[in-house]
Amino acid sequence: MALDISELQTITHDVIVVGAGGAGLRAAIECSRQGLDTGVVCKSLLGKAHTVMAEGGAAAALGNADSRDNWKVHFRDTMRGGKFLNQWRMAELHAKEAPERIRELEEWGAVFDRTADGRINQRNFGGHRFPRLAHVGDRTGLELIRTLQDKGVHSGISVHMECTGLGLMMDGGRVAGMVGYWRETGRFVVFRAKAVIFATGGFGKAWKITSNSWEYTGDGQRMAYDVGAELMDMEFTQFHPTGMVWPPSVAGVLVTEGVRGEGGILRNKDGKRFMFEYIPEKFAAETADTEEEALRWLQGDRDARRPPELLTRDEVARSIYNEVKMGRGSPHGGAFLDISHRPADYVKKKLPSMYHQFKELAEVDITKEPMEVGPTFHYAMGGLAVDHDSQMCPKVPGLFACGEVAAGLHGANRLGGNSLSDLLVFGRRAGMGAKEFIDANPGLPKVDEARVKQLIDQAKEPLMRPDGENPYVLHDDLRESMTRNVGIWRDAEGMSQGIADIAKFRERLKNVKAHGTSQYNPGWSEAIDLHSMFVAAEATARSGLMREESRGAHSREDFQGERKEWIKYNIVCFKGDDGEMVVQKVERQSGPAELEKIANASIEDVEAGRV
Amino acid sequence: MSEPAKRKRTLRAWRGDASGGKFEEYTVEVDQGMVVLDLVHRAQRDAEGAGDMACRWNCKAGKCGSCSMEINGKPKLACMTRLGDYAPDEVIQVQPLKTFPIIRDLTTDVSWNYEQNKKIAPFTPPPRPEGDYRMKQKDVDRIQEFRKCIECFLCQDTCHVLRDHDKKAPATQPAGKPPQGFIGPRFMIRVAQLDMHPLDTVDRIPKLKEEWGSGYCNITKCCTEVCPEHINITDNGIIPMKERVVDRFYDPITMLLSKLGGGSKRTVQK
Ligand SMILES: Cc1cc2nc3c(=O)[nH]c(=O)nc-3n(C[C@H](O)[C@H](O)[C@H](O)COP(=O)(O)OP(=O)(O)OC[C@H]3O[C@@H](n4cnc5c(N)ncnc54)[C@H](O)[C@@H]3O)c2cc1C
Ligand code: SF4
Ligand code: SF4
Ligand code: FES
């Protein structure tokens, strides 16, 4: 059918930020502050992005709760948690800049929980040496997003809500804008801009058991991949150890790590505190080895070491999985997580939404009885490869990425709390990067009409077909396949099966039918989003197949344990000339001597300031 | 678990748009422990003609405030309302929030709420002192309660001033006239939160009375009853704010003091 481009709605800004979570809003605030005309585009209503769900806190070495903390310890924890696959410079910038970003948030109205002397309080979390997470009970994400939202709306940012991006336009070698559609009307819109910042989040919705919302379909990853960007570290998908397992309708919903930070204990069906059995060699020196020591730690004894429940997420998730596999799981295939030994009032004050969530969804009173928990797909460490300082995608000039959609900071495994601080640090940096790029390239790129038409035609296909397959069912099949084949434990056979399944699903997608009109039609959105989920899922499986070792969140049944040769590489995926996905190893740069020294030093040396 | 395994449920959902619509019934299989939002999703997937039923949601855990709707006549979050709370053969009826214009099916246009928020001057602290701002936990407990708000707008939907009398504050308030409408309970506690913030320096009380229509609220407490975050909207937020208005405008001594600049910690008026 004919399409008159000149009749399409066109919106022009200096920069468009795609995504209104923590990263997108922080980037937009920065752009606006730098004098750019800034538009934010998001799939949901403002204030509802995934960030709102974050519970436990934002990691920053403020040193308020333990004065021994500083950026070097945070940096070292992040590198060790990421199994040394993190990008050195990003881990450095993050650790150094996070405290200032948190203080700034307080200046903008965030009200964090306080220490006795009236400063921002910090809580313990897995993999963090010291209590480091600035938090508000267990609703830190809400505090973060509401603060940025209020700051943003008073900074003159234009917000285009409930609008979904379909694809990017290029002009010459540079990004020229994005085509999208309004969910409410189904009408198409062209956003023109001198720079585009992606802050679109992750892609957990391609898995069955996940803590992620419907927005997490990997749109940013796919849109950028389509125009030549590289996806990096895609094999590293974090399975959070504690998702709800019962009842089935809430399986996957997150139980914050804050429960363990506040002293929660993991037990198997025999009542055994099993984490003591799973302490890896390299964390042994920093982890308690008796229940008695763990208790002393909880009571505030500074010489006691941390309980093993606070090992990094990859370790805890695999341990629970193993207990279940050995037949020692809880009735619904998980482990027991118990916080009822702490005073009921304290639990309600520190973990109010967990109390609420279990009470209302599972009829469990967590102040009296244990929760049942098991691993759930939670976070994508991988994503778009970016320049470490400016956050620009090197292959797509003018395109920036920050937050969960970007790769690099977390390496093979993210530490809890490091995402919220990531959003703030690199959201701001992406804004500064965009400003610098626009200063150097001030012209407004041209609209590529052929591309606009192609994107719109493709989007309309599922509506135009007379009949065809149900998009919801295809989505469910994808989720089944990914959870089965590219789950917490993987092997070559499973991942190859996953790749083969995706090829078949792509064929089926060509015959998907969305019933109804284009107005606020979730079936149609589902059909469109599947394209993105396929790219993200395929990249995960292909990168996972290439990495023949177990490291961080990537656990292979057929290649157990870390392999020395693999610490030298990150894996990237990009679209080849024939349209097929290419997977490649890229050799890592070694870190600057100073950073290598800090990351490898003993904890005593770092604390004593000897490095 | 009160909900037995594998059985059927009938969803009676309002389908239509601004031009009109009607209820449609869908009967689908349900599992144990399902919530109303699951039932909507199940119908979208399995029921003939429900694939395009519009419904907002994000977190599915009562944290984002997207899935607000009226369930068997009560404003609720669909993701936190269990099917087990209803009799096994009870039909679940869902319809969009009544107070806001319908977009389609279960979605409404809530942009008026975003407009109200823009009217309220943002948090404005004094410059950060050397070291850090200091606030005691006990001094922020109160405002943290208000900051739990997930902007589900269920309270706005329920408040009779907005719902039955359609007294939504207009975009601009004509000068010299009494307030033309009310910003609603959600924004009363937004103002309360700013006003009670130990570090804030802006005076919003005059606007609260003259433009935002605090006087319209007659403390029926219906808003508090529906708040899924159990925020004590009326007792802790609205009543103290109404008292501040009264103190300021009707108590000659406070008024005098505030005119002399000594009666209030507030300085700037925006
Ligand atoms: C339950 C839960 C708890 C968590 N707790 C913590 C925690 O305690 N600490 C921590 O550090 N991290 C936590 N995380 C992780 C952290 O919340 C996320 O990684 C982070 O919020 C991601 O933020 P973001 O800004 O990158 O993206 P998001 O907040 O997810 O925002 C993505 C935005 O992109 C938009 N978007 C996506 N696709 C499109 C498109 N095609 N067109 C237009 N817009 C689009 C969406 O609408 C949305 O506005 C948690 C995650 C979950 C799920
Ligand atoms: S107490 Fe006031 S704000 Fe709340 S519902 Fe009643 S009139 Fe509305
Ligand atoms: S105050 Fe309560 S009911 Fe009102 S919008 Fe906030 S969370 Fe919803
Ligand atoms: S989906 Fe978030 S509150 Fe219901």
# chains A, B, ... in the order shown; residues from 1 in each chain; ligands from 1

call {"tool": "residues_around", "arguments": {"residues": "B:Asp195", "least_positions_apart": "2", "cutoff": "10 Å", "atoms": "only C-alpha atoms", "output": "PyMOL selection string"}}
result
chain B and resi 123+143+189-193+197-205+241+244+266

call {"tool": "residues_near_ligand", "arguments": {"ligand": "ligand 2", "cutoff": "7 Å", "atoms": "only C-alpha atoms and all ligand atoms", "output": "list in words"}}
result
Cys155, Thr158, Cys159, His160, Val161, Gly184, Pro185, Tyr216, Cys217, Asn218, Ile219, Thr220, Lys221, Cys222, Cys223, Thr224 and Thr234 of chain B

call {"tool": "write_last_selection", "arguments": {"atoms": "N, CA, C and O atoms", "output": "compact mmCIF listing (two decimals), in the first residue's frame"}}
result
# COMPACT_ATOMS: atom_id res chain seq x y z
N CYS B 155 -6.56 6.50 44.20
CA CYS B 155 -7.17 7.46 45.11
C CYS B 155 -7.85 8.57 44.31
O CYS B 155 -8.93 9.03 44.67
N THR B 158 -11.12 7.42 43.09
CA THR B 158 -12.15 7.25 44.11
C THR B 158 -12.69 8.56 44.65
O THR B 158 -13.86 8.64 45.03
N CYS B 159 -11.85 9.57 44.72
CA CYS B 159 -12.23 10.82 45.37
C CYS B 159 -13.48 11.40 44.70
O CYS B 159 -13.48 11.68 43.51
N HIS B 160 -14.51 11.60 45.49
CA HIS B 160 -15.79 12.02 44.89
C HIS B 160 -15.70 13.40 44.25
O HIS B 160 -16.45 13.71 43.34
N VAL B 161 -14.76 14.22 44.72
CA VAL B 161 -14.62 15.56 44.13
C VAL B 161 -14.27 15.42 42.64
O VAL B 161 -14.78 16.15 41.79
N GLY B 184 -6.53 16.73 43.88
CA GLY B 184 -6.75 15.33 44.27
C GLY B 184 -5.78 14.85 45.33
O GLY B 184 -4.73 15.43 45.56
N PRO B 185 -6.16 13.74 46.00
CA PRO B 185 -5.37 13.24 47.14
C PRO B 185 -3.93 12.90 46.79
O PRO B 185 -3.02 13.16 47.58
N TYR B 216 -11.78 21.76 48.75
CA TYR B 216 -12.79 20.85 48.22
C TYR B 216 -12.86 19.54 49.00
O TYR B 216 -13.86 18.85 49.00
N CYS B 217 -11.75 19.16 49.58
CA CYS B 217 -11.71 17.87 50.29
C CYS B 217 -12.51 17.98 51.57
O CYS B 217 -12.25 18.86 52.39
N ASN B 218 -13.47 17.10 51.76
CA ASN B 218 -14.22 17.12 53.02
C ASN B 218 -13.95 15.87 53.85
O ASN B 218 -14.79 15.39 54.59
N ILE B 219 -12.72 15.33 53.68
CA ILE B 219 -12.18 14.32 54.58
C ILE B 219 -13.08 13.09 54.70
O ILE B 219 -13.36 12.60 55.80
N THR B 220 -13.52 12.58 53.59
CA THR B 220 -14.33 11.36 53.63
C THR B 220 -13.47 10.11 53.80
O THR B 220 -13.98 9.04 54.10
N LYS B 221 -12.16 10.24 53.54
CA LYS B 221 -11.19 9.16 53.71
C LYS B 221 -11.33 8.02 52.70
O LYS B 221 -10.70 6.96 52.87
N CYS B 222 -12.14 8.19 51.68
CA CYS B 222 -12.27 7.12 50.68
C CYS B 222 -10.94 6.86 49.99
O CYS B 222 -10.62 5.73 49.61
N CYS B 223 -10.14 7.90 49.80
CA CYS B 223 -8.85 7.75 49.12
C CYS B 223 -7.95 6.81 49.93
O CYS B 223 -7.31 5.92 49.37
N THR B 224 -7.91 7.01 51.24
CA THR B 224 -7.05 6.18 52.09
C THR B 224 -7.44 4.71 52.00
O THR B 224 -6.58 3.83 51.98
N THR B 234 -5.23 10.62 54.30
CA THR B 234 -6.01 11.67 54.95
C THR B 234 -5.42 12.09 56.29
O THR B 234 -5.09 13.26 56.47

call {"tool": "residues_near_ligand", "arguments": {"ligand": "ligand 4", "cutoff": "7 Å", "atoms": "only C-alpha atoms and all ligand atoms", "output": "list in words"}}
result
Trp57, Asn58, Cys59, Lys60, Ala61, Gly62, Lys63, Cys64, Gly65, Ser66, Cys67, Ser68, Leu77, Ala78, Cys79 and Met80 of chain B

call {"tool": "write_last_selection", "arguments": {"atoms": "N, CA and C atoms", "output": "JSON list (two decimals), in the first residue's frame"}}
result
[["chain", "number", "residue", "atom", "x", "y", "z"],
["B", 57, "TRP", "N", 0.21, -2.79, 32.19],
["B", 57, "TRP", "CA", 0.87, -3.43, 33.33],
["B", 57, "TRP", "C", 2.36, -3.32, 33.13],
["B", 58, "ASN", "N", 3.14, -3.46, 34.18],
["B", 58, "ASN", "CA", 4.59, -3.55, 34.07],
["B", 58, "ASN", "C", 5.20, -4.56, 35.02],
["B", 59, "CYS", "N", 5.05, -4.30, 36.34],
["B", 59, "CYS", "CA", 5.88, -5.05, 37.29],
["B", 59, "CYS", "C", 5.24, -6.35, 37.74],
["B", 60, "LYS", "N", 3.93, -6.41, 37.73],
["B", 60, "LYS", "CA", 3.20, -7.57, 38.22],
["B", 60, "LYS", "C", 3.53, -7.88, 39.68],
["B", 61, "ALA", "N", 3.85, -6.87, 40.42],
["B", 61, "ALA", "CA", 4.16, -7.07, 41.83],
["B", 61, "ALA", "C", 3.77, -5.86, 42.67],
["B", 62, "GLY", "N", 2.81, -5.09, 42.20],
["B", 62, "GLY", "CA", 2.33, -3.97, 43.01],
["B", 62, "GLY", "C", 3.33, -2.84, 43.20],
["B", 63, "LYS", "N", 4.26, -2.69, 42.26],
["B", 63, "LYS", "CA", 5.30, -1.69, 42.47],
["B", 63, "LYS", "C", 5.26, -0.53, 41.49],
["B", 64, "CYS", "N", 4.51, -0.66, 40.40],
["B", 64, "CYS", "CA", 4.60, 0.39, 39.38],
["B", 64, "CYS", "C", 3.30, 1.18, 39.24],
["B", 65, "GLY", "N", 2.21, 0.63, 39.71],
["B", 65, "GLY", "CA", 0.94, 1.36, 39.62],
["B", 65, "GLY", "C", 0.36, 1.47, 38.22],
["B", 66, "SER", "N", 0.66, 0.52, 37.34],
["B", 66, "SER", "CA", 0.15, 0.59, 35.97],
["B", 66, "SER", "C", -1.22, -0.07, 35.80],
["B", 67, "CYS", "N", -1.48, -1.13, 36.57],
["B", 67, "CYS", "CA", -2.60, -2.02, 36.25],
["B", 67, "CYS", "C", -3.89, -1.65, 36.98],
["B", 68, "SER", "N", -4.05, -0.36, 37.30],
["B", 68, "SER", "CA", -5.24, 0.09, 38.02],
["B", 68, "SER", "C", -6.49, -0.12, 37.17],
["B", 77, "LEU", "N", -5.54, -2.70, 42.10],
["B", 77, "LEU", "CA", -4.46, -3.13, 41.21],
["B", 77, "LEU", "C", -4.76, -4.56, 40.77],
["B", 78, "ALA", "N", -4.80, -4.79, 39.47],
["B", 78, "ALA", "CA", -5.15, -6.12, 38.98],
["B", 78, "ALA", "C", -4.07, -7.15, 39.33],
["B", 79, "CYS", "N", -2.83, -6.68, 39.49],
["B", 79, "CYS", "CA", -1.75, -7.64, 39.76],
["B", 79, "CYS", "C", -1.69, -8.06, 41.22],
["B", 80, "MET", "N", -2.43, -7.36, 42.08],
["B", 80, "MET", "CA", -2.40, -7.70, 43.50],
["B", 80, "MET", "C", -3.75, -8.22, 43.98]]

call {"tool": "interface_residues", "arguments": {"of": "chain A", "to": "chain B", "cutoff": "7 Å", "atoms": "only C-alpha atoms", "output": "list in words"}}
result
Lys48, Val52, Met53, Glu107, Trp108, Gly109, Val111, Asp113, Arg114, Gly118, Arg119, Asp150, Val153, Ser213, Trp214, Pro247, Pro248, Ser249, Gln357, Glu360, Leu361, Tyr472, His515, Gly516, Tyr520, Asn521, Pro522 and Gly523 of chain A

call {"tool": "write_last_selection", "arguments": {"atoms": "C-alpha atoms", "output": "mmCIF file, in the first residue's frame"}}
result
data_model
loop_
_atom_site.group_PDB
_atom_site.id
_atom_site.type_symbol
_atom_site.label_atom_id
_atom_site.label_comp_id
_atom_site.auth_asym_id
_atom_site.auth_seq_id
_atom_site.Cartn_x
_atom_site.Cartn_y
_atom_site.Cartn_z
ATOM 1 C CA LYS A 48 6.574 3.022 35.250
ATOM 2 C CA VAL A 52 10.688 1.430 39.464
ATOM 3 C CA MET A 53 10.901 -2.224 40.481
ATOM 4 C CA GLU A 107 19.799 17.267 46.403
ATOM 5 C CA TRP A 108 17.026 16.646 43.879
ATOM 6 C CA GLY A 109 14.689 15.296 46.508
ATOM 7 C CA VAL A 111 14.934 10.691 50.744
ATOM 8 C CA ASP A 113 17.118 5.897 54.870
ATOM 9 C CA ARG A 114 19.405 7.601 57.396
ATOM 10 C CA GLY A 118 21.710 11.754 59.896
ATOM 11 C CA ARG A 119 23.562 10.782 56.739
ATOM 12 C CA ASP A 150 10.275 15.241 39.137
ATOM 13 C CA VAL A 153 9.672 17.520 34.204
ATOM 14 C CA SER A 213 8.423 -6.748 32.852
ATOM 15 C CA TRP A 214 6.810 -6.815 29.394
ATOM 16 C CA PRO A 247 2.265 -19.956 43.402
ATOM 17 C CA PRO A 248 2.992 -20.605 39.709
ATOM 18 C CA SER A 249 1.471 -17.348 38.533
ATOM 19 C CA GLN A 357 4.280 -9.268 48.366
ATOM 20 C CA GLU A 360 -0.783 -10.900 49.421
ATOM 21 C CA LEU A 361 0.481 -13.166 46.667
ATOM 22 C CA TYR A 472 1.218 -14.889 22.438
ATOM 23 C CA HIS A 515 -6.272 -9.456 15.471
ATOM 24 C CA GLY A 516 -8.047 -6.150 15.805
ATOM 25 C CA TYR A 520 -3.662 0.107 21.858
ATOM 26 C CA ASN A 521 -3.355 -3.461 20.704
ATOM 27 C CA PRO A 522 -1.121 -5.614 22.923
ATOM 28 C CA GLY A 523 -1.289 -8.536 20.500
#

call {"tool": "select_by_dssp", "arguments": {"residues": "stretch 120-192 of chain A", "states": "helix (DSSP H, G or I)", "output": "JSON list (two decimals) with C-alpha atoms, in the first residue's frame"}}
result
[["chain", "number", "residue", "atom", "x", "y", "z"],
["A", 140, "THR", "CA", 14.91, 2.17, 46.11],
["A", 141, "GLY", "CA", 14.06, 2.08, 42.40],
["A", 142, "LEU", "CA", 10.81, 3.94, 43.01],
["A", 143, "GLU", "CA", 12.70, 6.63, 44.90],
["A", 144, "LEU", "CA", 15.22, 6.92, 42.10],
["A", 145, "ILE", "CA", 12.76, 7.12, 39.27],
["A", 146, "ARG", "CA", 10.37, 9.48, 41.03],
["A", 147, "THR", "CA", 13.20, 11.83, 41.92],
["A", 148, "LEU", "CA", 14.53, 11.88, 38.35],
["A", 149, "GLN", "CA", 11.02, 12.21, 36.96],
["A", 150, "ASP", "CA", 10.28, 15.24, 39.14],
["A", 151, "LYS", "CA", 13.64, 16.76, 38.29],
["A", 152, "GLY", "CA", 13.12, 16.00, 34.61],
["A", 153, "VAL", "CA", 9.67, 17.52, 34.20]]

call {"tool": "residues_near_ligand", "arguments": {"ligand": "ligand 1", "cutoff": "7 Å", "atoms": "only C-alpha atoms and all ligand atoms", "output": "PyMOL selection string"}}
result
chain A and resi 18-24+41-44+49-59+140-141+163-166+199-202+211-212+215-216+218-220+253-254+256+378-379+402-405+416-421+423

call {"tool": "residues_around", "arguments": {"residues": "B:Gly215", "least_positions_apart": "4", "cutoff": "10 Å", "atoms": "only C-alpha atoms", "output": "VMD selection string"}}
result
chain B and resid 179 181 to 182 208 to 210 219 242 245

call {"tool": "residues_around", "arguments": {"residues": "A:Thr78", "least_positions_apart": "5", "cutoff": "10 Å", "atoms": "only C-alpha atoms", "output": "short mmCIF file (atom, residue, chain, number, x, y, z; two decimals) with all heavy atoms, in the first residue's frame"}}
result
data_model
loop_
_atom_site.label_atom_id
_atom_site.label_comp_id
_atom_site.auth_asym_id
_atom_site.auth_seq_id
_atom_site.Cartn_x
_atom_site.Cartn_y
_atom_site.Cartn_z
N LYS A 72 38.28 2.44 45.70
CA LYS A 72 39.16 1.34 45.30
C LYS A 72 38.57 -0.01 45.73
O LYS A 72 38.65 -0.99 44.99
CB LYS A 72 40.55 1.50 45.91
CG LYS A 72 41.31 2.67 45.31
CD LYS A 72 42.67 2.86 45.95
CE LYS A 72 43.37 4.04 45.30
NZ LYS A 72 44.60 4.40 45.99
N VAL A 73 38.00 -0.03 46.92
CA VAL A 73 37.40 -1.29 47.39
C VAL A 73 36.18 -1.63 46.51
O VAL A 73 35.98 -2.78 46.12
CB VAL A 73 36.98 -1.20 48.87
CG1 VAL A 73 36.55 -2.57 49.38
CG2 VAL A 73 38.10 -0.64 49.73
N LYS A 83 34.33 -11.31 37.43
CA LYS A 83 35.32 -12.32 37.03
C LYS A 83 36.31 -11.74 36.02
O LYS A 83 36.71 -12.39 35.06
CB LYS A 83 34.66 -13.59 36.48
CG LYS A 83 33.44 -14.06 37.25
CD LYS A 83 33.76 -14.59 38.63
CE LYS A 83 32.50 -14.45 39.48
NZ LYS A 83 32.38 -15.23 40.64
N PHE A 84 36.63 -10.49 36.22
CA PHE A 84 37.67 -9.81 35.46
C PHE A 84 37.38 -9.68 33.97
O PHE A 84 38.28 -9.50 33.17
CB PHE A 84 39.02 -10.48 35.70
CG PHE A 84 39.57 -10.14 37.05
CD1 PHE A 84 39.20 -10.88 38.17
CD2 PHE A 84 40.42 -9.05 37.23
CE1 PHE A 84 39.66 -10.54 39.43
CE2 PHE A 84 40.90 -8.72 38.49
CZ PHE A 84 40.52 -9.45 39.59
N ASN A 86 35.08 -7.33 33.12
CA ASN A 86 34.56 -5.96 33.04
C ASN A 86 35.54 -5.11 32.25
O ASN A 86 36.73 -5.39 32.19
CB ASN A 86 34.45 -5.33 34.44
CG ASN A 86 34.12 -6.31 35.54
OD1 ASN A 86 34.78 -7.33 35.69
ND2 ASN A 86 33.10 -6.00 36.31
N TRP A 88 37.81 -2.18 32.25
CA TRP A 88 38.51 -1.54 33.38
C TRP A 88 38.07 -0.11 33.61
O TRP A 88 37.77 0.30 34.73
CB TRP A 88 40.02 -1.55 33.13
CG TRP A 88 40.62 -2.91 33.09
CD1 TRP A 88 40.79 -3.68 31.98
CD2 TRP A 88 41.11 -3.66 34.19
NE1 TRP A 88 41.38 -4.87 32.32
CE2 TRP A 88 41.59 -4.89 33.68
CE3 TRP A 88 41.21 -3.41 35.56
CZ2 TRP A 88 42.15 -5.88 34.49
CZ3 TRP A 88 41.78 -4.39 36.37
CH2 TRP A 88 42.22 -5.61 35.83
N ALA A 91 34.56 0.32 35.06
CA ALA A 91 34.49 -0.04 36.48
C ALA A 91 35.15 1.05 37.34
O ALA A 91 34.70 1.34 38.45
CB ALA A 91 35.17 -1.39 36.72
N GLU A 92 36.18 1.66 36.79
CA GLU A 92 36.86 2.73 37.52
C GLU A 92 35.95 3.97 37.62
O GLU A 92 35.74 4.52 38.71
CB GLU A 92 38.16 3.10 36.77
CG GLU A 92 38.90 4.27 37.41
CD GLU A 92 39.96 4.87 36.49
OE1 GLU A 92 40.02 4.50 35.29
OE2 GLU A 92 40.74 5.72 36.98
N HIS A 94 32.78 4.20 37.31
CA HIS A 94 31.60 3.89 38.12
C HIS A 94 31.92 4.02 39.60
O HIS A 94 31.21 4.70 40.36
CB HIS A 94 31.12 2.48 37.76
CG HIS A 94 30.06 1.95 38.65
ND1 HIS A 94 30.29 0.94 39.56
CD2 HIS A 94 28.74 2.28 38.79
CE1 HIS A 94 29.17 0.68 40.21
NE2 HIS A 94 28.22 1.47 39.76
N ALA A 95 33.00 3.38 40.03
CA ALA A 95 33.33 3.40 41.46
C ALA A 95 33.66 4.80 41.93
O ALA A 95 33.31 5.21 43.03
CB ALA A 95 34.48 2.44 41.74
N GLY A 127 28.62 -9.70 47.54
CA GLY A 127 29.81 -9.32 46.79
C GLY A 127 30.39 -7.97 47.16
O GLY A 127 31.49 -7.63 46.72
N HIS A 128 29.67 -7.19 47.95
CA HIS A 128 30.20 -5.90 48.38
C HIS A 128 30.86 -6.08 49.74
O HIS A 128 30.22 -6.52 50.70
CB HIS A 128 29.10 -4.84 48.48
CG HIS A 128 28.51 -4.44 47.16
ND1 HIS A 128 29.16 -3.60 46.29
CD2 HIS A 128 27.35 -4.77 46.55
CE1 HIS A 128 28.41 -3.43 45.20
NE2 HIS A 128 27.31 -4.14 45.33
N LEU A 409 30.37 -2.63 32.07
CA LEU A 409 30.68 -2.38 33.48
C LEU A 409 30.71 -3.67 34.29
O LEU A 409 31.57 -3.85 35.14
CB LEU A 409 29.64 -1.41 34.07
CG LEU A 409 29.67 -1.25 35.59
CD1 LEU A 409 31.03 -0.73 36.06
CD2 LEU A 409 28.57 -0.31 36.07
N HIS A 410 29.79 -4.57 34.02
CA HIS A 410 29.59 -5.68 34.95
C HIS A 410 30.33 -6.96 34.59
O HIS A 410 30.33 -7.91 35.37
CB HIS A 410 28.09 -5.97 35.09
CG HIS A 410 27.28 -4.75 35.40
ND1 HIS A 410 27.38 -4.09 36.59
CD2 HIS A 410 26.39 -4.05 34.65
CE1 HIS A 410 26.57 -3.03 36.58
NE2 HIS A 410 25.96 -2.98 35.41
N GLY A 411 30.91 -7.02 33.39
CA GLY A 411 31.66 -8.21 33.02
C GLY A 411 30.79 -9.45 33.01
O GLY A 411 29.70 -9.46 32.44
N ASN A 413 29.39 -10.97 35.60
CA ASN A 413 28.39 -11.05 36.66
C ASN A 413 28.27 -9.70 37.34
O ASN A 413 29.26 -9.13 37.75
CB ASN A 413 28.79 -12.11 37.69
CG ASN A 413 27.86 -12.14 38.87
OD1 ASN A 413 26.66 -12.35 38.74
ND2 ASN A 413 28.39 -11.89 40.06
N ARG A 414 27.04 -9.22 37.43
CA ARG A 414 26.83 -7.91 38.08
C ARG A 414 26.63 -8.08 39.57
O ARG A 414 25.93 -8.99 40.01
CB ARG A 414 25.60 -7.24 37.49
CG ARG A 414 25.19 -5.97 38.22
CD ARG A 414 23.99 -5.30 37.58
NE ARG A 414 22.75 -6.01 37.83
CZ ARG A 414 21.90 -5.73 38.83
NH1 ARG A 414 22.17 -4.76 39.69
NH2 ARG A 414 20.79 -6.40 38.98
N LEU A 415 27.21 -7.17 40.34
CA LEU A 415 26.91 -7.15 41.77
C LEU A 415 25.60 -6.41 41.98
O LEU A 415 25.32 -5.41 41.32
CB LEU A 415 28.01 -6.41 42.55
CG LEU A 415 29.40 -7.03 42.54
CD1 LEU A 415 30.32 -6.23 43.45
CD2 LEU A 415 29.36 -8.49 42.97
N GLY A 416 24.81 -6.89 42.93
CA GLY A 416 23.56 -6.21 43.26
C GLY A 416 23.85 -4.77 43.62
O GLY A 416 24.86 -4.47 44.24
N ASN A 418 24.83 -2.44 41.80
CA ASN A 418 25.68 -1.76 40.83
C ASN A 418 24.92 -1.31 39.59
O ASN A 418 25.47 -0.60 38.77
CB ASN A 418 26.84 -2.68 40.39
CG ASN A 418 28.07 -2.48 41.28
OD1 ASN A 418 28.04 -1.71 42.23
ND2 ASN A 418 29.14 -3.18 40.95
N ALA A 599 42.92 -4.23 41.67
CA ALA A 599 42.00 -5.36 41.51
C ALA A 599 42.61 -6.64 42.06
O ALA A 599 41.90 -7.50 42.59
CB ALA A 599 41.64 -5.53 40.04
#

call {"tool": "atom_distance", "arguments": {"atom1": "atom CA of A:Ser340", "atom2": "atom CA of A:Asp365"}}
result
8.9 Å

call {"tool": "atom_distance", "arguments": {"atom1": "atom CA of B:Gln156", "atom2": "atom CA of B:Met188"}}
result
10.5 Å

call {"tool": "select_by_dssp", "arguments": {"residues": "stretch 151-222 of chain B", "states": "strand (DSSP E or B)", "output": "ChimeraX atom specification"}}
result
/B:168,182,202-203

call {"tool": "atom_distance", "arguments": {"atom1": "atom CA of B:Ser19", "atom2": "atom CA of A:Thr10"}}
result
27.5 Å

call {"tool": "closest_residue", "arguments": {"among": "B:Gln93, B:Gln116, B:Pro101, B:Lys76", "to": "ligand 3", "atoms": "only C-alpha atoms and all ligand atoms"}}
result
B:Lys76

call {"tool": "closest_residue", "arguments": {"among": "A:Leu298, A:Glu372, A:Pro343, A:Met232", "to": "A:Gln87", "atoms": "only C-alpha atoms"}}
result
A:Met232

call {"tool": "decode", "arguments": {"residues": "stretch 356-373 of chain A", "atoms": "C-alpha atoms", "output": "PDB file, in the first residue's frame"}}
result
ATOM      1  CA  HIS A 356       3.420  -7.203  51.454  1.00  0.00           C
ATOM      2  CA  GLN A 357       4.280  -9.268  48.366  1.00  0.00           C
ATOM      3  CA  PHE A 358       4.421 -12.594  50.221  1.00  0.00           C
ATOM      4  CA  LYS A 359       1.418 -11.840  52.344  1.00  0.00           C
ATOM      5  CA  GLU A 360      -0.783 -10.900  49.421  1.00  0.00           C
ATOM      6  CA  LEU A 361       0.481 -13.166  46.667  1.00  0.00           C
ATOM      7  CA  ALA A 362       1.559 -16.292  48.533  1.00  0.00           C
ATOM      8  CA  GLU A 363      -0.210 -16.050  51.887  1.00  0.00           C
ATOM      9  CA  VAL A 364       3.101 -16.297  53.678  1.00  0.00           C
ATOM     10  CA  ASP A 365       3.981 -14.094  56.659  1.00  0.00           C
ATOM     11  CA  ILE A 366       7.737 -13.648  56.304  1.00  0.00           C
ATOM     12  CA  THR A 367       8.106 -12.432  59.872  1.00  0.00           C
ATOM     13  CA  LYS A 368       6.964 -15.881  61.013  1.00  0.00           C
ATOM     14  CA  GLU A 369       7.813 -18.403  58.307  1.00  0.00           C
ATOM     15  CA  PRO A 370      10.409 -18.894  55.586  1.00  0.00           C
ATOM     16  CA  MET A 371       9.915 -17.980  51.929  1.00  0.00           C
ATOM     17  CA  GLU A 372      10.400 -20.431  49.099  1.00  0.00           C
ATOM     18  CA  VAL A 373      12.806 -19.085  46.503  1.00  0.00           C
TER      19      VAL A 373
END
